[in-house]
Amino acid sequence: MGDNQQKLTAEQVKKYLAKHSNFFLQHADAIETLQLSDSPEGTISLTQRQNERLQVKNQQLHQQLQSVIDNARENATLQTRVHQLCLRLLDAPTLETLLPLLMRELKQEFNADEVALRWFYAGVKKPQLPETAENIVVQHVDADDLRIFDKILSKQQPVCGRLSKAQKTLLFDEHSEKVKSVVCLPLGHDPCAGLLAIASYDEGRFHADMGTDYLSFLGEVAMRVIRPYHDYGK
């Protein structure tokens, strides 16, 4: 006579217990037949094991919540800094005052290690800017080396995070190897007056979760304060 009994698989048992989570409450005697693996602290109960798993999940949720809170605080601080910076830029009386102020204030307010400005022009004659020790370079908008920024410039909004080696080299030259995270601000569009980059040697300083609304506002203000001095098409 054949054996008509079917053997249960581990997966079937697992699915059954998942559907009947109170099984061991209703059949407490079944717990006595279970064999639990030993650990350095001794044999643990199912309740203890479940509690440990819940504690791990709670810890993960706590970390995620803390990250959200930290980002909110950072964005609130960013809003205040951008507001104050824009007011100081609007008060600058001349281009000779404006450019060093812009670069210096960005580095200070954003706790940045490097700041770079690429001033674009579209005409035949290259504009002359006031002499300064800041990282400011005048480039034709159709320069071949600027094509590596086409994607960033086409977005017409701030980009936070990492840049390619070629992009960092073009912006920060001998300091490019130390740069780990960057905020890139296109200065307006149709036409774009330039590209402003704020960089840190800390890879976690500027990241994709940063608030970009205030950065967009900063880019628009920077564009408007320099555009009166910007003979773009001549």
# chains A, B, ... in the order shown; residues from 1 in each chain; ligands from 1

$ residues_around --residues "Lys155 (chain A)" --least-positions-apart "3" --cutoff "12 Å" --atoms "only C-alpha atoms" --output "short mmCIF file (atom, residue, chain, number, x, y, z; two decimals) with N, CA and C atoms, in the first residue's frame"
data_model
loop_
_atom_site.label_atom_id
_atom_site.label_comp_id
_atom_site.auth_asym_id
_atom_site.auth_seq_id
_atom_site.Cartn_x
_atom_site.Cartn_y
_atom_site.Cartn_z
N PHE A 149 29.57 70.64 -19.44
CA PHE A 149 28.56 71.18 -18.53
C PHE A 149 27.21 71.37 -19.21
N ASP A 150 27.06 70.88 -20.44
CA ASP A 150 25.81 71.08 -21.18
C ASP A 150 24.59 70.54 -20.42
N LYS A 151 24.74 69.38 -19.82
CA LYS A 151 23.61 68.77 -19.11
C LYS A 151 23.20 69.62 -17.91
N ILE A 152 24.19 70.12 -17.16
CA ILE A 152 23.90 70.96 -16.00
C ILE A 152 23.27 72.27 -16.42
N PRO A 158 19.86 74.42 -9.91
CA PRO A 158 21.05 73.97 -9.17
C PRO A 158 21.21 72.46 -9.21
N VAL A 159 22.46 72.03 -9.25
CA VAL A 159 22.80 70.61 -9.18
C VAL A 159 23.75 70.42 -8.01
N CYS A 184 26.44 73.46 -8.22
CA CYS A 184 26.59 74.22 -9.47
C CYS A 184 25.32 75.04 -9.71
N LEU A 185 25.51 76.34 -9.92
CA LEU A 185 24.37 77.24 -10.14
C LEU A 185 24.48 77.88 -11.52
N PRO A 186 23.66 77.48 -12.49
CA PRO A 186 23.60 78.20 -13.75
C PRO A 186 23.03 79.61 -13.49
N LEU A 187 23.67 80.61 -14.06
CA LEU A 187 23.24 81.98 -13.83
C LEU A 187 22.32 82.43 -14.95
N GLY A 188 21.04 82.14 -14.77
CA GLY A 188 20.04 82.55 -15.75
C GLY A 188 20.04 81.65 -16.97
N HIS A 189 19.24 82.06 -17.96
CA HIS A 189 19.13 81.30 -19.20
C HIS A 189 18.60 82.22 -20.28
N CYS A 192 22.47 82.34 -20.87
CA CYS A 192 23.03 82.06 -19.55
C CYS A 192 24.25 82.95 -19.34
N SER A 216 18.29 78.13 -6.14
CA SER A 216 17.80 78.70 -7.41
C SER A 216 17.63 80.20 -7.28
#

$ closest_residue --among "A:Leu195, A:Leu218, A:Leu171, A:Val225" --to "Thr97 (chain A)" --atoms "only C-alpha atoms"
A:Val225

$ closest_residue --among "A:Gln60, A:Gln55, A:Thr212, A:Gln66" --to "Gln157 (chain A)" --atoms "only C-alpha atoms"
A:Thr212

$ residues_around --residues "Tyr214 (chain A)" --least-positions-apart "4" --cutoff "12 Å" --atoms "only C-alpha atoms" --output "VMD selection string"
chain A and resid 74 to 86 157 to 158 185 210 218 to 221

$ write_last_selection --atoms "C-alpha atoms" --output "PDB file, in the first residue's frame"
ATOM      1  CA  GLU A  74      20.071  72.470   7.222  1.00  0.00           C
ATOM      2  CA  ASN A  75      17.589  73.843   4.690  1.00  0.00           C
ATOM      3  CA  ALA A  76      16.241  76.365   7.218  1.00  0.00           C
ATOM      4  CA  THR A  77      19.785  77.582   7.901  1.00  0.00           C
ATOM      5  CA  LEU A  78      20.439  77.732   4.170  1.00  0.00           C
ATOM      6  CA  GLN A  79      17.374  79.926   3.659  1.00  0.00           C
ATOM      7  CA  THR A  80      18.607  82.476   6.200  1.00  0.00           C
ATOM      8  CA  ARG A  81      22.127  82.557   4.755  1.00  0.00           C
ATOM      9  CA  VAL A  82      20.917  82.982   1.182  1.00  0.00           C
ATOM     10  CA  HIS A  83      18.561  85.803   2.195  1.00  0.00           C
ATOM     11  CA  GLN A  84      21.296  87.755   3.968  1.00  0.00           C
ATOM     12  CA  LEU A  85      23.788  87.138   1.174  1.00  0.00           C
ATOM     13  CA  CYS A  86      21.410  88.407  -1.506  1.00  0.00           C
ATOM     14  CA  GLN A 157      18.511  74.712 -11.926  1.00  0.00           C
ATOM     15  CA  PRO A 158      21.052  73.968  -9.174  1.00  0.00           C
ATOM     16  CA  LEU A 185      24.374  77.237 -10.143  1.00  0.00           C
ATOM     17  CA  MET A 210      19.757  69.819  -0.047  1.00  0.00           C
ATOM     18  CA  LEU A 218      20.570  82.758  -5.167  1.00  0.00           C
ATOM     19  CA  GLY A 219      21.470  81.943  -8.764  1.00  0.00           C
ATOM     20  CA  GLU A 220      18.776  84.287 -10.079  1.00  0.00           C
ATOM     21  CA  VAL A 221      19.910  87.119  -7.810  1.00  0.00           C
TER      22      VAL A 221
END

$ select_by_dssp --residues "region 69-183 of chain A" --states "alpha helix (DSSP H)" --output "PyMOL selection string"
chain A and resi 69-90+95-109+150-155+165-172

$ residues_around --residues "Pro228 (chain A)" --least-positions-apart "4" --cutoff "12 Å" --atoms "only C-alpha atoms" --output "PyMOL selection string"
chain A and resi 93-95+98+193+222-224+232

$ atom_distance --atom1 "CA of Arg147 (chain A)" --atom2 "CA of Met103 (chain A)"
23.9 Å

$ residues_around --residues "region 107-114 of chain A" --least-positions-apart "3" --cutoff "6 Å" --atoms "only C-alpha atoms" --output "JSON, numbers by chain"
{"A": [104, 199, 200]}

$ write_last_selection --atoms "C-alpha atoms" --output "mmCIF file, in the first residue's frame"
data_model
loop_
_atom_site.group_PDB
_atom_site.id
_atom_site.type_symbol
_atom_site.label_atom_id
_atom_site.label_comp_id
_atom_site.auth_asym_id
_atom_site.auth_seq_id
_atom_site.Cartn_x
_atom_site.Cartn_y
_atom_site.Cartn_z
ATOM 1 C CA ARG A 104 34.184 85.701 -0.468
ATOM 2 C CA ALA A 199 32.780 73.230 -3.564
ATOM 3 C CA SER A 200 33.807 71.343 -0.449
#

$ residues_around --residues "Asp202 (chain A)" --least-positions-apart "3" --cutoff "7 Å" --atoms "only C-alpha atoms" --output "list in words"
Lys180, Ser181 and Arg205 of chain A

$ closest_atom_pairs --of "region 80-118 of chain A" --to "region 123-141 of chain A" --cutoff "6 Å" --atoms "only C-alpha atoms" --output "JSON lines"
{"residue": "A:Glu96", "atom": "CA", "partner": "A:Pro130", "partner_atom": "CA", "distance": 5.8}
{"residue": "A:Ala116", "atom": "CA", "partner": "A:Asn135", "partner_atom": "CA", "distance": 5.0}
{"residue": "A:Leu117", "atom": "CA", "partner": "A:Ile136", "partner_atom": "CA", "distance": 4.8}
{"residue": "A:Arg118", "atom": "CA", "partner": "A:Val137", "partner_atom": "CA", "distance": 5.1}

$ closest_residue --among "A:Val13, A:Ala208, A:Leu54, A:Ile198" --to "Phe172 (chain A)" --atoms "only C-alpha atoms"
A:Ile198

$ atom_distance --atom1 "CA of Arg162 (chain A)" --atom2 "CA of Leu102 (chain A)"
22.5 Å

$ closest_residue --among "A:Phe217, A:Gln26, A:Leu89, A:Asp145" --to "Leu106 (chain A)" --atoms "only C-alpha atoms"
A:Leu89

$ closest_residue --among "A:Leu153, A:Leu87, A:Ile148, A:Val56" --to "Lys168 (chain A)" --atoms "only C-alpha atoms"
A:Ile148

$ closest_residue --among "A:Val115, A:Leu99, A:Leu90, A:Leu61" --to "His175 (chain A)" --atoms "only C-alpha atoms"
A:Val115
